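So this one's protein-v1.pdb, PDB, N, CA and C atoms:
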ATOM      1  N   MET A   1     -29.648  79.368  22.350
ATOM      2  CA  MET A   1     -30.175  79.486  21.010
ATOM      3  C   MET A   1     -31.565  78.877  20.942
ATOM      4  N   GLU A   2     -32.398  79.480  20.172
ATOM      5  CA  GLU A   2     -33.783  79.061  20.057
ATOM      6  C   GLU A   2     -33.900  77.865  19.127
ATOM      7  N   LYS A   3     -34.669  76.867  19.527
ATOM      8  CA  LYS A   3     -34.865  75.678  18.711
ATOM      9  C   LYS A   3     -35.821  76.026  17.576
ATOM     10  N   LEU A   4     -35.434  75.609  16.351
ATOM     11  CA  LEU A   4     -36.246  75.923  15.183
ATOM     12  C   LEU A   4     -37.466  75.031  15.121
ATOM     13  N   GLN A   5     -38.577  75.627  14.751
ATOM     14  CA  GLN A   5     -39.789  74.851  14.549
ATOM     15  C   GLN A   5     -39.747  74.262  13.144
ATOM     16  N   VAL A   6     -40.077  72.993  13.066
ATOM     17  CA  VAL A   6     -40.126  72.336  11.757
ATOM     18  C   VAL A   6     -41.456  72.696  11.124
ATOM     19  N   PRO A   7     -41.412  73.277   9.922
ATOM     20  CA  PRO A   7     -42.663  73.665   9.275
ATOM     21  C   PRO A   7     -43.432  72.429   8.819
ATOM     22  N   SER A   8     -44.760  72.554   8.798
ATOM     23  CA  SER A   8     -45.577  71.446   8.308
ATOM     24  C   SER A   8     -45.468  71.381   6.786
ATOM     25  N   GLY A   9     -45.904  70.281   6.242
ATOM     26  CA  GLY A   9     -45.821  70.090   4.794
ATOM     27  C   GLY A   9     -46.696  71.038   4.012
ATOM     28  N   SER A  10     -47.661  71.651   4.661
ATOM     29  CA  SER A  10     -48.561  72.555   3.959
ATOM     30  C   SER A  10     -48.144  74.021   4.088
ATOM     31  N   THR A  11     -47.021  74.294   4.755
ATOM     32  CA  THR A  11     -46.552  75.665   4.923
ATOM     33  C   THR A  11     -45.943  76.164   3.613
ATOM     34  N   PRO A  12     -46.432  77.289   3.088
ATOM     35  CA  PRO A  12     -45.836  77.831   1.862
ATOM     36  C   PRO A  12     -44.395  78.283   2.111
ATOM     37  N   ILE A  13     -43.583  78.209   1.099
ATOM     38  CA  ILE A  13     -42.170  78.585   1.220
ATOM     39  C   ILE A  13     -42.018  80.043   1.628
ATOM     40  N   TRP A  14     -42.873  80.901   1.139
ATOM     41  CA  TRP A  14     -42.733  82.320   1.434
ATOM     42  C   TRP A  14     -42.979  82.641   2.901
ATOM     43  N   GLN A  15     -43.543  81.704   3.668
ATOM     44  CA  GLN A  15     -43.782  81.941   5.087
ATOM     45  C   GLN A  15     -42.655  81.407   5.965
ATOM     46  N   LEU A  16     -41.677  80.726   5.389
ATOM     47  CA  LEU A  16     -40.565  80.179   6.161
ATOM     48  C   LEU A  16     -39.560  81.278   6.503
ATOM     49  N   THR A  17     -38.914  81.128   7.628
ATOM     50  CA  THR A  17     -37.801  82.020   7.947
ATOM     51  C   THR A  17     -36.578  81.516   7.189
ATOM     52  N   VAL A  18     -35.552  82.329   7.131
ATOM     53  CA  VAL A  18     -34.327  81.929   6.442
ATOM     54  C   VAL A  18     -33.727  80.693   7.096
ATOM     55  N   ASP A  19     -33.714  80.665   8.429
ATOM     56  CA  ASP A  19     -33.157  79.510   9.143
ATOM     57  C   ASP A  19     -33.932  78.230   8.848
ATOM     58  N   GLN A  20     -35.262  78.322   8.800
ATOM     59  CA  GLN A  20     -36.067  77.146   8.484
ATOM     60  C   GLN A  20     -35.789  76.663   7.069
ATOM     61  N   PHE A  21     -35.699  77.596   6.141
ATOM     62  CA  PHE A  21     -35.445  77.234   4.748
ATOM     63  C   PHE A  21     -34.071  76.590   4.585
ATOM     64  N   MET A  22     -33.046  77.163   5.224
ATOM     65  CA  MET A  22     -31.697  76.599   5.136
ATOM     66  C   MET A  22     -31.649  75.218   5.781
ATOM     67  N   GLY A  23     -32.369  75.029   6.885
ATOM     68  CA  GLY A  23     -32.431  73.729   7.525
ATOM     69  C   GLY A  23     -33.057  72.684   6.629
ATOM     70  N   MET A  24     -34.099  73.087   5.909
ATOM     71  CA  MET A  24     -34.732  72.155   4.971
ATOM     72  C   MET A  24     -33.775  71.785   3.845
ATOM     73  N   LEU A  25     -33.042  72.764   3.328
ATOM     74  CA  LEU A  25     -32.095  72.487   2.253
ATOM     75  C   LEU A  25     -30.986  71.541   2.709
ATOM     76  N   LYS A  26     -30.477  71.767   3.922
ATOM     77  CA  LYS A  26     -29.390  70.932   4.430
ATOM     78  C   LYS A  26     -29.841  69.501   4.667
ATOM     79  N   SER A  27     -31.079  69.322   5.062
ATOM     80  CA  SER A  27     -31.562  67.979   5.355
ATOM     81  C   SER A  27     -32.136  67.272   4.137
ATOM     82  N   SER A  28     -32.221  67.941   3.031
ATOM     83  CA  SER A  28     -32.844  67.335   1.852
ATOM     84  C   SER A  28     -31.807  66.665   0.957
ATOM     85  N   ARG A  29     -32.281  65.929  -0.013
ATOM     86  CA  ARG A  29     -31.401  65.283  -0.992
ATOM     87  C   ARG A  29     -30.814  66.307  -1.957
ATOM     88  N   PHE A  30     -31.371  67.503  -1.992
ATOM     89  CA  PHE A  30     -30.860  68.538  -2.886
ATOM     90  C   PHE A  30     -29.382  68.766  -2.640
ATOM     91  N   ASN A  31     -28.981  68.817  -1.400
ATOM     92  CA  ASN A  31     -27.592  69.046  -1.029
ATOM     93  C   ASN A  31     -26.715  67.891  -1.500
ATOM     94  N   GLU A  32     -27.187  66.649  -1.367
ATOM     95  CA  GLU A  32     -26.421  65.479  -1.792
ATOM     96  C   GLU A  32     -26.222  65.465  -3.296
ATOM     97  N   VAL A  33     -27.273  65.784  -4.043
ATOM     98  CA  VAL A  33     -27.184  65.802  -5.506
ATOM     99  C   VAL A  33     -26.216  66.875  -5.958
ATOM    100  N   ALA A  34     -26.235  68.031  -5.321
ATOM    101  CA  ALA A  34     -25.317  69.111  -5.686
ATOM    102  C   ALA A  34     -23.872  68.696  -5.448
ATOM    103  N   LEU A  35     -23.607  68.002  -4.344
ATOM    104  CA  LEU A  35     -22.255  67.538  -4.067
ATOM    105  C   LEU A  35     -21.806  66.495  -5.077
ATOM    106  N   GLN A  36     -22.704  65.601  -5.479
ATOM    107  CA  GLN A  36     -22.363  64.584  -6.470
ATOM    108  C   GLN A  36     -22.058  65.229  -7.809
ATOM    109  N   ASN A  37     -22.839  66.222  -8.216
ATOM    110  CA  ASN A  37     -22.597  66.901  -9.484
ATOM    111  C   ASN A  37     -21.267  67.636  -9.477
ATOM    112  N   ASP A  38     -20.873  68.209  -8.341
ATOM    113  CA  ASP A  38     -19.597  68.907  -8.250
ATOM    114  C   ASP A  38     -18.432  67.939  -8.403
ATOM    115  N   SER A  39     -18.555  66.732  -7.849
ATOM    116  CA  SER A  39     -17.464  65.771  -7.928
ATOM    117  C   SER A  39     -17.350  65.156  -9.315
ATOM    118  N   VAL A  40     -18.443  65.136 -10.087
ATOM    119  CA  VAL A  40     -18.431  64.535 -11.414
ATOM    120  C   VAL A  40     -17.777  65.462 -12.430
ATOM    121  N   THR A  41     -17.897  66.761 -12.247
ATOM    122  CA  THR A  41     -17.379  67.698 -13.226
ATOM    123  C   THR A  41     -15.866  67.613 -13.316
ATOM    124  N   ASP A  42     -15.371  67.839 -14.511
ATOM    125  CA  ASP A  42     -13.937  67.783 -14.770
ATOM    126  C   ASP A  42     -13.276  69.032 -14.195
ATOM    127  N   SER A  43     -12.155  68.847 -13.515
ATOM    128  CA  SER A  43     -11.491  69.984 -12.889
ATOM    129  C   SER A  43     -10.767  70.855 -13.921
ATOM    130  N   LYS A  44     -10.444  70.294 -15.068
ATOM    131  CA  LYS A  44      -9.736  71.042 -16.105
ATOM    132  C   LYS A  44     -10.755  71.656 -17.071
ATOM    133  N   PRO A  45     -10.804  72.980 -17.176
ATOM    134  CA  PRO A  45     -11.784  73.590 -18.069
ATOM    135  C   PRO A  45     -11.403  73.377 -19.540
ATOM    136  N   LYS A  46     -12.420  73.317 -20.380
ATOM    137  CA  LYS A  46     -12.179  73.157 -21.818
ATOM    138  C   LYS A  46     -11.620  74.455 -22.378
ATOM    139  N   ARG A  47     -10.725  74.304 -23.347
ATOM    140  CA  ARG A  47     -10.162  75.467 -24.032
ATOM    141  C   ARG A  47     -10.651  75.446 -25.470
ATOM    142  N   TYR A  48     -10.940  76.604 -25.993
ATOM    143  CA  TYR A  48     -11.405  76.727 -27.367
ATOM    144  C   TYR A  48     -10.627  77.835 -28.067
ATOM    145  N   VAL A  49     -10.468  77.690 -29.384
ATOM    146  CA  VAL A  49      -9.969  78.787 -30.208
ATOM    147  C   VAL A  49     -11.051  79.102 -31.223
ATOM    148  N   HIS A  50     -11.105  80.357 -31.629
ATOM    149  CA  HIS A  50     -12.156  80.818 -32.516
ATOM    150  C   HIS A  50     -11.563  81.262 -33.840
ATOM    151  N   GLY A  51     -12.146  80.788 -34.921
ATOM    152  CA  GLY A  51     -11.782  81.245 -36.243
ATOM    153  C   GLY A  51     -10.472  80.687 -36.753
ATOM    154  N   MET A  52     -10.182  81.025 -37.988
ATOM    155  CA  MET A  52      -8.944  80.566 -38.623
ATOM    156  C   MET A  52      -7.720  81.188 -37.953
ATOM    157  N   SER A  53      -7.867  82.408 -37.445
ATOM    158  CA  SER A  53      -6.719  83.032 -36.771
ATOM    159  C   SER A  53      -6.350  82.263 -35.503
ATOM    160  N   GLY A  54      -7.346  81.743 -34.786
ATOM    161  CA  GLY A  54      -7.073  80.934 -33.601
ATOM    162  C   GLY A  54      -6.371  79.640 -33.950
ATOM    163  N   ILE A  55      -6.776  79.021 -35.053
ATOM    164  CA  ILE A  55      -6.132  77.778 -35.514
ATOM    165  C   ILE A  55      -4.710  78.062 -35.959
ATOM    166  N   LYS A  56      -4.511  79.193 -36.656
ATOM    167  CA  LYS A  56      -3.164  79.573 -37.086
ATOM    168  C   LYS A  56      -2.238  79.758 -35.897
ATOM    169  N   LYS A  57      -2.726  80.404 -34.838
ATOM    170  CA  LYS A  57      -1.905  80.627 -33.642
ATOM    171  C   LYS A  57      -1.652  79.313 -32.901
ATOM    172  N   LEU A  58      -2.666  78.445 -32.846
ATOM    173  CA  LEU A  58      -2.536  77.183 -32.131
ATOM    174  C   LEU A  58      -1.472  76.292 -32.753
ATOM    175  N   PHE A  59      -1.484  76.179 -34.071
ATOM    176  CA  PHE A  59      -0.535  75.305 -34.770
ATOM    177  C   PHE A  59       0.666  76.056 -35.339
ATOM    178  N   ASN A  60       0.690  77.373 -35.166
ATOM    179  CA  ASN A  60       1.786  78.200 -35.667
ATOM    180  C   ASN A  60       2.021  77.927 -37.160
ATOM    181  N   CYS A  61       0.970  78.154 -37.944
ATOM    182  CA  CYS A  61       1.044  77.855 -39.377
ATOM    183  C   CYS A  61       0.355  78.956 -40.175
ATOM    184  N   SER A  62       0.395  78.838 -41.486
ATOM    185  CA  SER A  62      -0.218  79.822 -42.367
ATOM    186  C   SER A  62      -1.711  79.537 -42.540
ATOM    187  N   TYR A  63      -2.401  80.457 -43.181
ATOM    188  CA  TYR A  63      -3.833  80.295 -43.410
ATOM    189  C   TYR A  63      -4.145  79.064 -44.263
ATOM    190  N   PRO A  64      -3.449  78.852 -45.398
ATOM    191  CA  PRO A  64      -3.751  77.654 -46.203
ATOM    192  C   PRO A  64      -3.521  76.349 -45.423
ATOM    193  N   THR A  65      -2.486  76.307 -44.618
ATOM    194  CA  THR A  65      -2.210  75.100 -43.833
ATOM    195  C   THR A  65      -3.284  74.905 -42.763
ATOM    196  N   ALA A  66      -3.733  75.993 -42.137
ATOM    197  CA  ALA A  66      -4.806  75.907 -41.152
ATOM    198  C   ALA A  66      -6.087  75.404 -41.807
ATOM    199  N   ARG A  67      -6.358  75.857 -43.016
ATOM    200  CA  ARG A  67      -7.530  75.397 -43.760
ATOM    201  C   ARG A  67      -7.427  73.901 -44.045
ATOM    202  N   LYS A  68      -6.222  73.432 -44.412
ATOM    203  CA  LYS A  68      -6.021  71.998 -44.663
ATOM    204  C   LYS A  68      -6.247  71.182 -43.393
ATOM    205  N   LEU A  69      -5.768  71.686 -42.283
ATOM    206  CA  LEU A  69      -5.984  70.998 -41.014
ATOM    207  C   LEU A  69      -7.469  70.876 -40.693
ATOM    208  N   VAL A  70      -8.205  71.957 -40.878
ATOM    209  CA  VAL A  70      -9.639  71.954 -40.589
ATOM    210  C   VAL A  70     -10.371  70.969 -41.499
ATOM    211  N   ASP A  71      -9.956  70.910 -42.750
ATOM    212  CA  ASP A  71     -10.638  70.052 -43.715
ATOM    213  C   ASP A  71     -10.226  68.588 -43.618
ATOM    214  N   THR A  72      -9.133  68.277 -42.932
ATOM    215  CA  THR A  72      -8.667  66.889 -42.890
ATOM    216  C   THR A  72      -8.576  66.347 -41.472
ATOM    217  N   ILE A  73      -7.530  66.640 -40.787
ATOM    218  CA  ILE A  73      -7.191  65.961 -39.539
ATOM    219  C   ILE A  73      -8.087  66.345 -38.371
ATOM    220  N   ILE A  74      -8.301  67.618 -38.134
ATOM    221  CA  ILE A  74      -8.998  68.047 -36.913
ATOM    222  C   ILE A  74     -10.492  68.277 -37.122
ATOM    223  N   THR A  75     -11.055  67.741 -38.187
ATOM    224  CA  THR A  75     -12.474  67.930 -38.485
ATOM    225  C   THR A  75     -13.397  67.569 -37.322
ATOM    226  N   PRO A  76     -13.180  66.441 -36.591
ATOM    227  CA  PRO A  76     -14.087  66.141 -35.471
ATOM    228  C   PRO A  76     -14.033  67.163 -34.332
ATOM    229  N   ALA A  77     -12.967  67.924 -34.229
ATOM    230  CA  ALA A  77     -12.831  68.908 -33.152
ATOM    231  C   ALA A  77     -13.406  70.267 -33.541
ATOM    232  N   VAL A  78     -13.871  70.400 -34.776
ATOM    233  CA  VAL A  78     -14.335  71.686 -35.289
ATOM    234  C   VAL A  78     -15.860  71.763 -35.231
ATOM    235  N   ALA A  79     -16.365  72.854 -34.706
ATOM    236  CA  ALA A  79     -17.801  73.139 -34.723
ATOM    237  C   ALA A  79     -18.007  74.383 -35.571
ATOM    238  N   ARG A  80     -18.890  74.276 -36.552
ATOM    239  CA  ARG A  80     -19.142  75.409 -37.445
ATOM    240  C   ARG A  80     -20.604  75.814 -37.369
ATOM    241  N   GLN A  81     -20.826  77.106 -37.380
ATOM    242  CA  GLN A  81     -22.168  77.659 -37.471
ATOM    243  C   GLN A  81     -22.080  78.812 -38.449
ATOM    244  N   GLY A  82     -22.382  78.555 -39.694
ATOM    245  CA  GLY A  82     -22.222  79.571 -40.724
ATOM    246  C   GLY A  82     -20.741  79.842 -40.953
ATOM    247  N   LYS A  83     -20.334  81.085 -40.760
ATOM    248  CA  LYS A  83     -18.932  81.455 -40.938
ATOM    249  C   LYS A  83     -18.114  81.333 -39.657
ATOM    250  N   VAL A  84     -18.774  81.051 -38.552
ATOM    251  CA  VAL A  84     -18.090  80.979 -37.262
ATOM    252  C   VAL A  84     -17.506  79.579 -37.067
ATOM    253  N   ILE A  85     -16.215  79.526 -36.723
ATOM    254  CA  ILE A  85     -15.533  78.259 -36.467
ATOM    255  C   ILE A  85     -15.016  78.274 -35.031
ATOM    256  N   VAL A  86     -15.330  77.205 -34.289
ATOM    257  CA  VAL A  86     -14.843  77.044 -32.922
ATOM    258  C   VAL A  86     -14.189  75.675 -32.833
ATOM    259  N   VAL A  87     -12.957  75.620 -32.295
ATOM    260  CA  VAL A  87     -12.203  74.383 -32.225
ATOM    261  C   VAL A  87     -11.889  74.044 -30.773
ATOM    262  N   ASP A  88     -12.173  72.803 -30.384
ATOM    263  CA  ASP A  88     -11.798  72.284 -29.070
ATOM    264  C   ASP A  88     -10.296  72.000 -29.119
ATOM    265  N   VAL A  89      -9.506  72.753 -28.358
ATOM    266  CA  VAL A  89      -8.045  72.686 -28.423
ATOM    267  C   VAL A  89      -7.522  71.306 -28.036
ATOM    268  N   ASP A  90      -8.022  70.762 -26.929
ATOM    269  CA  ASP A  90      -7.513  69.468 -26.462
ATOM    270  C   ASP A  90      -7.784  68.364 -27.478
ATOM    271  N   MET A  91      -8.992  68.343 -28.037
ATOM    272  CA  MET A  91      -9.325  67.317 -29.019
ATOM    273  C   MET A  91      -8.514  67.498 -30.303
ATOM    274  N   ALA A  92      -8.325  68.740 -30.733
ATOM    275  CA  ALA A  92      -7.561  69.005 -31.951
ATOM    276  C   ALA A  92      -6.109  68.553 -31.794
ATOM    277  N   MET A  93      -5.509  68.856 -30.648
ATOM    278  CA  MET A  93      -4.124  68.437 -30.419
ATOM    279  C   MET A  93      -4.011  66.919 -30.343
ATOM    280  N   LYS A  94      -4.985  66.272 -29.734
ATOM    281  CA  LYS A  94      -4.989  64.810 -29.641
ATOM    282  C   LYS A  94      -5.109  64.191 -31.030
ATOM    283  N   LEU A  95      -6.017  64.718 -31.847
ATOM    284  CA  LEU A  95      -6.190  64.203 -33.211
ATOM    285  C   LEU A  95      -4.931  64.407 -34.039
ATOM    286  N   PHE A  96      -4.306  65.574 -33.882
ATOM    287  CA  PHE A  96      -3.093  65.854 -34.653
ATOM    288  C   PHE A  96      -1.954  64.917 -34.243
ATOM    289  N   LYS A  97      -1.813  64.672 -32.940
ATOM    290  CA  LYS A  97      -0.745  63.786 -32.471
ATOM    291  C   LYS A  97      -0.980  62.345 -32.883
ATOM    292  N   GLU A  98      -2.257  61.919 -32.936
ATOM    293  CA  GLU A  98      -2.571  60.543 -33.282
ATOM    294  C   GLU A  98      -2.536  60.275 -34.779
ATOM    295  N   HIS A  99      -2.558  61.324 -35.599
ATOM    296  CA  HIS A  99      -2.570  61.137 -37.049
ATOM    297  C   HIS A  99      -1.232  60.555 -37.491
ATOM    298  N   LYS A 100      -1.267  59.425 -38.168
ATOM    299  CA  LYS A 100      -0.047  58.674 -38.467
ATOM    300  C   LYS A 100       0.704  59.157 -39.699
ATOM    301  N   THR A 101       0.021  59.679 -40.695
ATOM    302  CA  THR A 101       0.687  60.004 -41.952
ATOM    303  C   THR A 101       1.354  61.362 -41.976
ATOM    304  N   VAL A 102       1.077  62.194 -41.009
ATOM    305  CA  VAL A 102       1.635  63.542 -41.018
ATOM    306  C   VAL A 102       2.930  63.570 -40.212
ATOM    307  N   LYS A 103       4.018  63.853 -40.882
ATOM    308  CA  LYS A 103       5.302  64.024 -40.186
ATOM    309  C   LYS A 103       5.519  65.490 -39.851
ATOM    310  N   SER A 104       4.908  66.348 -40.625
ATOM    311  CA  SER A 104       4.942  67.769 -40.335
ATOM    312  C   SER A 104       3.672  68.409 -40.906
ATOM    313  N   ILE A 105       3.393  69.601 -40.498
ATOM    314  CA  ILE A 105       2.202  70.282 -40.990
ATOM    315  C   ILE A 105       2.325  70.538 -42.488
ATOM    316  N   LYS A 106       3.512  70.769 -42.949
ATOM    317  CA  LYS A 106       3.728  71.086 -44.361
ATOM    318  C   LYS A 106       3.411  69.908 -45.262
ATOM    319  N   ALA A 107       3.383  68.687 -44.740
ATOM    320  CA  ALA A 107       3.131  67.495 -45.559
ATOM    321  C   ALA A 107       1.645  67.267 -45.843
ATOM    322  N   LEU A 108       0.775  68.103 -45.321
ATOM    323  CA  LEU A 108      -0.658  67.922 -45.530
ATOM    324  C   LEU A 108      -1.032  68.135 -46.974
ATOM    325  N   LYS A 109      -1.970  67.336 -47.447
ATOM    326  CA  LYS A 109      -2.525  67.513 -48.789
ATOM    327  C   LYS A 109      -4.033  67.513 -48.656
ATOM    328  N   THR A 110      -4.687  68.358 -49.389
ATOM    329  CA  THR A 110      -6.149  68.367 -49.345
ATOM    330  C   THR A 110      -6.667  67.187 -50.128
ATOM    331  N   GLU A 111      -7.721  66.607 -49.623
ATOM    332  CA  GLU A 111      -8.303  65.425 -50.282
ATOM    333  C   GLU A 111      -9.462  65.811 -51.141
TER     334      GLU A 111
END
Structure rendered as structure tokens:
Amino acid sequence: MEKLQVPSGSTPIWQLTVDQFMGMLKSSRFNEVALQNDSVTDSKPKRYVHGMSGIKKLFNCSYPTARKLVDTIITPAVARQGKVIVVDVDMAMKLFKEHKTVKSIKALKTE
């Protein structure tokens, strides 16, 4: 196998061969940073539901009850942009489980 020539610092990238370019990438910190970023990311992907119908399906409840949930307990998990509602499922379930006064969904009251 032919030994690769190390390009000088003034060599433009477009003049490098593929092997030279890959060798530079492997020996650079770029590869280390990419590996660190991969290990930091959460292995469990976030789940979202969209709109009131998504909230109704998530909690298996009616539209008025879903509206009460959005307005009271799960408000921090809700992102709104105009008429569009997006809910982080994991955060909403955590908030609902941690809420102390609700024994059932039917016991919700609007404030």
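Of the residues under consideration (A:Thr75, A:Gln81, A:Thr11, A:Ser53), A:Thr75 shows the shortest atom-to-atom contact distance to Leu95 in chain A when counting all atoms listed in the file.
Between atom N of Asp71 in chain A and CA of Ile85 in chain A there is a distance of 11.2 Å.
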Evaluate the PyMOL selection byres (((chain A and resi 49 and name CA) around 8) and name CA) here and jot the selected residues down as a VMD selection string.
chain A and resid 47 to 48 50 to 51 54 to 55 58 86 to 89
Considering only C-alpha atoms, state which residue in the set A:Phe21, A:Lys57, A:Met93, A:Pro12 is at the smallest distance from Val78 in chain A.
A:Met93
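Of the residues listed (A:Met52, A:Leu16, A:Ile74, A:Leu25), A:Ile74 shows the shortest atom-to-atom separation from Met91 in chain A; distances use all atoms listed in the file.
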Hey, can you check how far atom N of Lys44 in chain A sits from CA of Arg67 in chain A?
29.3 Å
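In this structure, atom N of Glu98 in chain A sits 26.0 Å away from atom C of Lys83 in chain A.
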Listed atoms of range 57-66 of chain A boxed along x, y and z, 5 Å each side, centre and edge lengths in Å, one decimal, as AutoDock Vina command-line options:
--center_x -2.0 --center_y 77.8 --center_z -39.2 --size_x 18.1 --size_y 15.7 --size_z 24.1
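Checking A:Ala92, A:Ile13, A:Met22, A:Cys61 one by one against Pro76 in chain A, counting all atoms listed in the file, you find the shortest gap at A:Ala92.
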